[in-house]
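Engineer: Before I ask anything, here is the structure I am working with.
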Amino acid sequence: MRLLLLIVAIVAVFLAVRTLVRSTSNRKQVRQDERPERLKEGGAVIRCAFCGVHVPEAEAYRDGDRLYCSPQHAEVDRNRSDADSRTEDD
Ligand SMILES: [Zn+2]
């Protein structure tokens, strides 16, 4: 019975060491898989309705339901669409 316990103990130690070695090599693999694609961190990126440049939603300027990269582009686009609707009225 003591021999059986000894065998079980040896197997347990072997399994523990193997698991440790495996997790260490997994960690190395994860480190290799890390890529510098970190541009999209911190929320969504939207497209300016005027110039099409991509800006983080937090930095975007909202005019109605349209989003712009800057208040200037919001104003220019609004003036342009006003002019369009004016020509349609004539
Ligand atoms: Zn823009």
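Residue names in the structure tokens use chain letters A, B, ... in the order shown, residue numbers from 1 in each chain, and ligand numbers from 1 in the order shown.
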Compute the set of protein, DNA and RNA residues whose minimum atom distance to ligand 1 is at most 7 Å, using only C-alpha atoms and all ligand atoms, and state it as a VMD selection string.
Structural biologist: chain A and resid 48 to 53 68 to 70 73
Engineer: Just give me the gap between atom CA of Gln72 of chain A and atom CA of Ala44 of chain A in Å, one decimal is fine.
Structural biologist: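 So the answer is 21.6 Å.
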Engineer: Just how far from atom CA of Ser25 of chain A is atom CA of Ile7 of chain A, in Å to one decimal?
Structural biologist: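 We find that atom CA of Ile7 of chain A and atom CA of Ser25 of chain A lie 27.1 Å from each other.
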Engineer: Expressed in Å to a single decimal, how great is the separation between atom CA of Val8 of chain A and atom CA of Ser23 of chain A?
Structural biologist: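 Value for the atom CA of Val8 of chain A-atom CA of Ser23 of chain A distance: 22.4 Å.
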